[in-house]
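Student: Sharing a structure below in structure tokens format, with a few things to ask.
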Amino acid sequence: MPRRPAAIQASISDQGIPGEYTQPPDVDRTELKRALSTAIDQIDRNLDEYYDRFPEPSSENLVYSPTDNTDGWTTSFWTGLCWLAYEVTGDARYRRAAETQLETFERRLESGEVKTHDLGFLYTLSAVAGHRLTGNDRYRSAAITAADYLTDRFWEAPGLIQAWGDHEASEDFWERGRMIVDSMMNLPLLFWASEATGDPTYASIAETHARTNGQHIIRPDGSTFHTFKCDVVTGAPIGGETAQGYEANSCWSRGQTWAIYGYALAGDYTDEDEYVEIAAKLANYYLSKLENDHVPRWDFDAPPDQDIRDSSAAAISVCGLHELARQLPFADDRTRCYRNAALSTLESLATDYSTKDTESTGLLTDGAYDPSDGDYDECCIWGDYFYVEGLVRATQQWTQYW
Ligand code: GLY
């Protein structure tokens, strides 16, 4: 069970980063390698059970039920875990599993189950990663088809990709001007598609969405709304709301980490300092709100008696902070701070949030899919994925999937 010491009274450095991150943490890389090997062992134990089926988004009593790849946004995290296990071990069994799963992603495109902004999550970790690792053009083609469907959800006047609802259905008209903070992690599919095809349209839509998100979802203090609506006809801003956070004006910690990682990746694809600086502002807010052990409460503004953690947000933050550090110049003091913060968080997850020595089929305890719906204190499949991506980032060279 996680250790929960008294809150750290963090001093803030000149860069707006809590002072504790200016010093390198005492993290033993051998322990991180051991944690990676423990995680791969669990993926291995799961291989037969899930194979070309998929763990549900979150577990029950720390065990995932298997489901089919017909809907939802999370199936690709299992495929991503198989690709990571393949890269770390070189064992073809993981590659065969990922390739078998890819057939279900191809079928999903054919079935028309594509009216979702989550196509980026779904087809980056399956098809883009598959193409990067195997060179198979079928995966490239699937990823481009998914990117095409994603661009269909772009609305010109507000300059955003519609988050929820069927973009063609008149009954969902009022969803047309809605964006959500998670969408920042769906943009890499579009940036990749422009690189792969030479057609700048995908990246141009991604950049427009990133700018609109920056104008409306990010507040002046560097916190984020979960969701924000604009008028789809005039583009005028309407206001912020939440579905998974505590309240409209609060800061849902996982949303904050989707934005940190999403802007760092936008910086990687475009070489624009503007995106990297946005990611840094978001990161500073995030780090200033951590109370202890580097794993955030599910919402930074939830009442103190709701001490519900979200290990999945922490796992995303590890990858986002690591990527942000990669985008900043080596000599920038922030580079070292973000690396330190990523390592401290990873160490905390490996030490105090691991399911090792339990009957769990997941990797991290204390994931919080949706506390307002009673769904917390479980494993979340994306938290498991980002935990392993973070361990791989910290211990070896890695082929970027995003
Ligand atoms: N829908 C993405 C999330 O729950 O973070």
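Labels used: A, B, ... for chains in the order of the structure tokens, numbers from 1 for residues in each chain, and numbers from 1 for ligands as shown.
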Considering only C-alpha atoms, return as a list in words whatever protein or nucleic-acid residues lie within 8 Å of Phe386 (chain A), sequence-local ones (same chain, fewer than 2 positions apart) excluded.

Tutor: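 Skipping anything fewer than 2 positions along the chain leaves Ser312, Ala315, Ile316, Val318, Cys319, Trp382, Gly383, Asp384, Val388, Glu389 and Gly390 of chain A.
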
Student: Give me, as JSON, numbers by chain, all polymer residues having an atom no more than 10 Å from Ala325 (chain A), counting only C-alpha atoms and skipping those fewer than 5 positions away in the same chain.

Tutor: {"A": [264, 276, 280, 319, 320, 330, 332, 333, 334, 335, 336, 337, 338, 339, 340, 342]}

Student: If we count only C-alpha atoms and set the cut-off at 7 Å, which residues sit around Val181 (chain A), ignoring sequence neighbours fewer than 6 positions away in its own chain? Please answer as a ChimeraX atom specification.

Tutor: /A:217,226-227,255,258-259

Student: Give one line per residue of chain A that approaches ligand 1 to at most 8 Å, naming the two atoms of the closest pair and their distance in Å to one decimal, counting only C-alpha atoms and all ligand atoms; sort by chain then ascending residue number and deliver it as CSV.

Tutor:
```
residue,atom,partner,partner_atom_place_in_ligand_line,distance
A:Trp73,CA,ligand 1,1 (N),7.1
A:Asp182,CA,ligand 1,2 (C),5.9
A:Gln244,CA,ligand 1,4 (O),7.2
A:Arg254,CA,ligand 1,5 (O),6.1
A:Gly255,CA,ligand 1,5 (O),6.4
A:Trp258,CA,ligand 1,5 (O),7.6
A:Tyr369,CA,ligand 1,4 (O),5.8
A:Asp370,CA,ligand 1,4 (O),7.2
```

Student: Go ahead and save the picked residues with C-alpha atoms, as a tab-separated table (two decimals), in the first residue's frame.

Tutor:
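Once everything was written out, this is result01.tsv:
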```tsv
chain	number	residue	atom	x	y	z
A	73	TRP	CA	-10.72	4.37	-26.16
A	182	ASP	CA	-7.39	14.61	-23.39
A	244	GLN	CA	-14.45	13.36	-14.72
A	254	ARG	CA	-5.06	13.37	-15.23
A	255	GLY	CA	-6.29	16.00	-17.66
A	258	TRP	CA	-2.57	14.63	-20.83
A	369	TYR	CA	-10.83	6.22	-13.83
A	370	ASP	CA	-13.79	8.22	-12.58
```

Student: Smallest atom-to-atom distance to Thr234 (chain A): which of A:His322, A:Arg176, A:Lys115, A:Arg138, using only C-alpha atoms?

Tutor: A:Arg176

Student: May I ask for the distance between CA of Ala193 (chain A) and CA of Tyr387 (chain A), given in Å to one decimal place?

Tutor: 26.2 Å

Student: Find the residues around Ala127 (chain A) up to 7 Å (only C-alpha atoms counted), leave out those fewer than 2 positions away in its own chain, and share them as a list in words.

Tutor: Leu102, Tyr123, Thr124, Leu125, Ala129, Gly130, His131, Tyr139, Arg140, Ala142 and Ala143 of chain A

Student: I need the residues in region 194-386 of chain A that are strand (DSSP E) according to DSSP; give them as a VMD selection string.

Tutor: chain A and resid 227 to 230 237 to 241

Student: Go through A:Asn292, A:Thr242, A:Thr104, A:Ser348 and flag the residue nearest Thr365 (chain A), using only C-alpha atoms for the distances.

Tutor: A:Ser348

Student: Pick out each residue of region 12-218 of chain A that DSSP on the backbone tags as alpha helix (DSSP H); I need them as a PyMOL selection string.

Tutor: chain A and resi 29-50+75-89+92-111+119-123+129-134+137-151+187-197+201-216

Student: Skipping near chain neighbours, those fewer than 3 positions away, what residues fall within 10 Å of Ala206 (chain A) using only C-alpha atoms, listed as a PyMOL selection string?

Tutor: chain A and resi 151+154+159-161+183-184+186-191+201-203+209-212+266

Student: Near Asp41 (chain A), within 12 Å and counting only C-alpha atoms, which residues show up once chain neighbours fewer than 4 positions away are dropped, as JSON, numbers by chain?

Tutor: {"A": [34, 35, 36, 37, 45, 46, 47, 81, 82, 85, 88, 89, 94, 355, 356, 357, 361, 362, 363, 388]}

Student: Output N, CA, C and O atoms of each residue in that selection to a file, as a PDB file, in the first residue's frame.

Tutor:
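To be explicit, this is the file written out as again_38.pdb:
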```
ATOM      1  N   ARG A  34      14.726  -3.556 -12.460  1.00  0.00           N
ATOM      2  CA  ARG A  34      14.024  -4.677 -11.815  1.00  0.00           C
ATOM      3  C   ARG A  34      12.502  -4.476 -11.941  1.00  0.00           C
ATOM      4  O   ARG A  34      11.765  -5.404 -12.215  1.00  0.00           O
ATOM      5  N   ALA A  35      12.060  -3.235 -11.750  1.00  0.00           N
ATOM      6  CA  ALA A  35      10.619  -2.944 -11.862  1.00  0.00           C
ATOM      7  C   ALA A  35      10.136  -3.216 -13.286  1.00  0.00           C
ATOM      8  O   ALA A  35       9.031  -3.748 -13.496  1.00  0.00           O
ATOM      9  N   LEU A  36      10.978  -2.881 -14.270  1.00  0.00           N
ATOM     10  CA  LEU A  36      10.603  -3.144 -15.664  1.00  0.00           C
ATOM     11  C   LEU A  36      10.492  -4.645 -15.898  1.00  0.00           C
ATOM     12  O   LEU A  36       9.540  -5.139 -16.524  1.00  0.00           O
ATOM     13  N   SER A  37      11.422  -5.373 -15.344  1.00  0.00           N
ATOM     14  CA  SER A  37      11.388  -6.829 -15.535  1.00  0.00           C
ATOM     15  C   SER A  37      10.163  -7.446 -14.836  1.00  0.00           C
ATOM     16  O   SER A  37       9.505  -8.343 -15.381  1.00  0.00           O
ATOM     17  N   ARG A  45       2.470 -13.099 -18.134  1.00  0.00           N
ATOM     18  CA  ARG A  45       1.406 -13.926 -17.521  1.00  0.00           C
ATOM     19  C   ARG A  45       0.049 -13.607 -18.138  1.00  0.00           C
ATOM     20  O   ARG A  45      -0.830 -14.453 -18.167  1.00  0.00           O
ATOM     21  N   ASN A  46      -0.126 -12.368 -18.623  1.00  0.00           N
ATOM     22  CA  ASN A  46      -1.419 -11.969 -19.199  1.00  0.00           C
ATOM     23  C   ASN A  46      -1.575 -12.387 -20.659  1.00  0.00           C
ATOM     24  O   ASN A  46      -2.670 -12.301 -21.212  1.00  0.00           O
ATOM     25  N   LEU A  47      -0.470 -12.803 -21.265  1.00  0.00           N
ATOM     26  CA  LEU A  47      -0.464 -12.949 -22.721  1.00  0.00           C
ATOM     27  C   LEU A  47      -1.519 -13.938 -23.211  1.00  0.00           C
ATOM     28  O   LEU A  47      -2.257 -13.658 -24.149  1.00  0.00           O
ATOM     29  N   LEU A  81       1.488  -2.140 -24.711  1.00  0.00           N
ATOM     30  CA  LEU A  81       2.294  -2.912 -23.743  1.00  0.00           C
ATOM     31  C   LEU A  81       2.988  -4.084 -24.439  1.00  0.00           C
ATOM     32  O   LEU A  81       4.140  -4.406 -24.133  1.00  0.00           O
ATOM     33  N   CYS A  82       2.267  -4.724 -25.377  1.00  0.00           N
ATOM     34  CA  CYS A  82       2.900  -5.849 -26.100  1.00  0.00           C
ATOM     35  C   CYS A  82       4.057  -5.357 -26.956  1.00  0.00           C
ATOM     36  O   CYS A  82       5.113  -6.003 -27.023  1.00  0.00           O
ATOM     37  N   ALA A  85       6.950  -4.704 -24.634  1.00  0.00           N
ATOM     38  CA  ALA A  85       7.563  -5.963 -24.188  1.00  0.00           C
ATOM     39  C   ALA A  85       8.401  -6.566 -25.317  1.00  0.00           C
ATOM     40  O   ALA A  85       9.483  -7.124 -25.071  1.00  0.00           O
ATOM     41  N   VAL A  88      11.652  -4.553 -25.484  1.00  0.00           N
ATOM     42  CA  VAL A  88      12.568  -4.768 -24.356  1.00  0.00           C
ATOM     43  C   VAL A  88      13.201  -6.156 -24.442  1.00  0.00           C
ATOM     44  O   VAL A  88      14.394  -6.317 -24.175  1.00  0.00           O
ATOM     45  N   THR A  89      12.420  -7.150 -24.823  1.00  0.00           N
ATOM     46  CA  THR A  89      12.916  -8.538 -24.762  1.00  0.00           C
ATOM     47  C   THR A  89      13.364  -9.080 -26.113  1.00  0.00           C
ATOM     48  O   THR A  89      14.119 -10.049 -26.151  1.00  0.00           O
ATOM     49  N   TYR A  94       5.501 -11.520 -28.236  1.00  0.00           N
ATOM     50  CA  TYR A  94       4.809 -10.251 -27.986  1.00  0.00           C
ATOM     51  C   TYR A  94       4.460  -9.566 -29.312  1.00  0.00           C
ATOM     52  O   TYR A  94       3.399  -8.976 -29.457  1.00  0.00           O
ATOM     53  N   THR A 355       1.669  -3.670  -8.128  1.00  0.00           N
ATOM     54  CA  THR A 355       0.831  -4.813  -7.715  1.00  0.00           C
ATOM     55  C   THR A 355       1.674  -6.063  -7.438  1.00  0.00           C
ATOM     56  O   THR A 355       1.109  -7.130  -7.206  1.00  0.00           O
ATOM     57  N   LYS A 356       3.000  -5.934  -7.521  1.00  0.00           N
ATOM     58  CA  LYS A 356       3.823  -7.157  -7.410  1.00  0.00           C
ATOM     59  C   LYS A 356       3.496  -7.906  -6.110  1.00  0.00           C
ATOM     60  O   LYS A 356       3.130  -7.303  -5.111  1.00  0.00           O
ATOM     61  N   ASP A 357       3.590  -9.215  -6.194  1.00  0.00           N
ATOM     62  CA  ASP A 357       3.266 -10.105  -5.077  1.00  0.00           C
ATOM     63  C   ASP A 357       1.769 -10.104  -4.723  1.00  0.00           C
ATOM     64  O   ASP A 357       1.396 -10.414  -3.592  1.00  0.00           O
ATOM     65  N   THR A 361      -3.956  -8.672 -12.169  1.00  0.00           N
ATOM     66  CA  THR A 361      -3.477  -8.797 -13.550  1.00  0.00           C
ATOM     67  C   THR A 361      -2.975  -7.449 -14.075  1.00  0.00           C
ATOM     68  O   THR A 361      -2.519  -7.363 -15.213  1.00  0.00           O
ATOM     69  N   GLY A 362      -3.091  -6.409 -13.268  1.00  0.00           N
ATOM     70  CA  GLY A 362      -2.584  -5.102 -13.670  1.00  0.00           C
ATOM     71  C   GLY A 362      -1.202  -4.834 -13.088  1.00  0.00           C
ATOM     72  O   GLY A 362      -0.582  -5.733 -12.498  1.00  0.00           O
ATOM     73  N   LEU A 363      -0.750  -3.596 -13.275  1.00  0.00           N
ATOM     74  CA  LEU A 363       0.604  -3.252 -12.809  1.00  0.00           C
ATOM     75  C   LEU A 363       0.612  -2.223 -11.693  1.00  0.00           C
ATOM     76  O   LEU A 363       1.467  -2.282 -10.817  1.00  0.00           O
ATOM     77  N   VAL A 388       4.993   1.525 -17.889  1.00  0.00           N
ATOM     78  CA  VAL A 388       6.045   0.759 -18.584  1.00  0.00           C
ATOM     79  C   VAL A 388       6.783   1.659 -19.580  1.00  0.00           C
ATOM     80  O   VAL A 388       8.013   1.602 -19.675  1.00  0.00           O
TER      81      VAL A 388
END
```

Student: Set the distance at 7 Å and use only C-alpha atoms: which residues neighbour Gly245 (chain A) once local chain neighbours fewer than 5 positions away are removed? I'd like the list as JSON, numbers by chain.

Tutor: {"A": [226, 250, 251, 252, 299]}

Student: So which one's closest to Arg326 (chain A), A:Asp310, A:Asp305, A:Asp268, A:Asp373? Using only C-alpha atoms, please.

Tutor: A:Asp268

Student: Would you please work out which residue, of A:Ile17, A:Ala196, A:Leu287, A:Met185, is nearest to Ser253 (chain A) when using only C-alpha atoms?

Tutor: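 Smallest separation from Ser253 (chain A) among the options: A:Leu287.
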
Student: Closest to Gly239 (chain A) among A:Ser223, A:Gln215, A:Thr30, A:Ser65, using only C-alpha atoms?

Tutor: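 Nearest candidate to Gly239 (chain A) out of A:Ser223, A:Gln215, A:Thr30, A:Ser65: A:Gln215.
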
Student: Between A:Ser344, A:Thr79, A:Thr145, A:Asn284, which is the closest to Ile260 (chain A) once you count only C-alpha atoms?

Tutor: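 When distances to Ile260 (chain A) are compared using only C-alpha atoms, the smallest one comes from A:Asn284.
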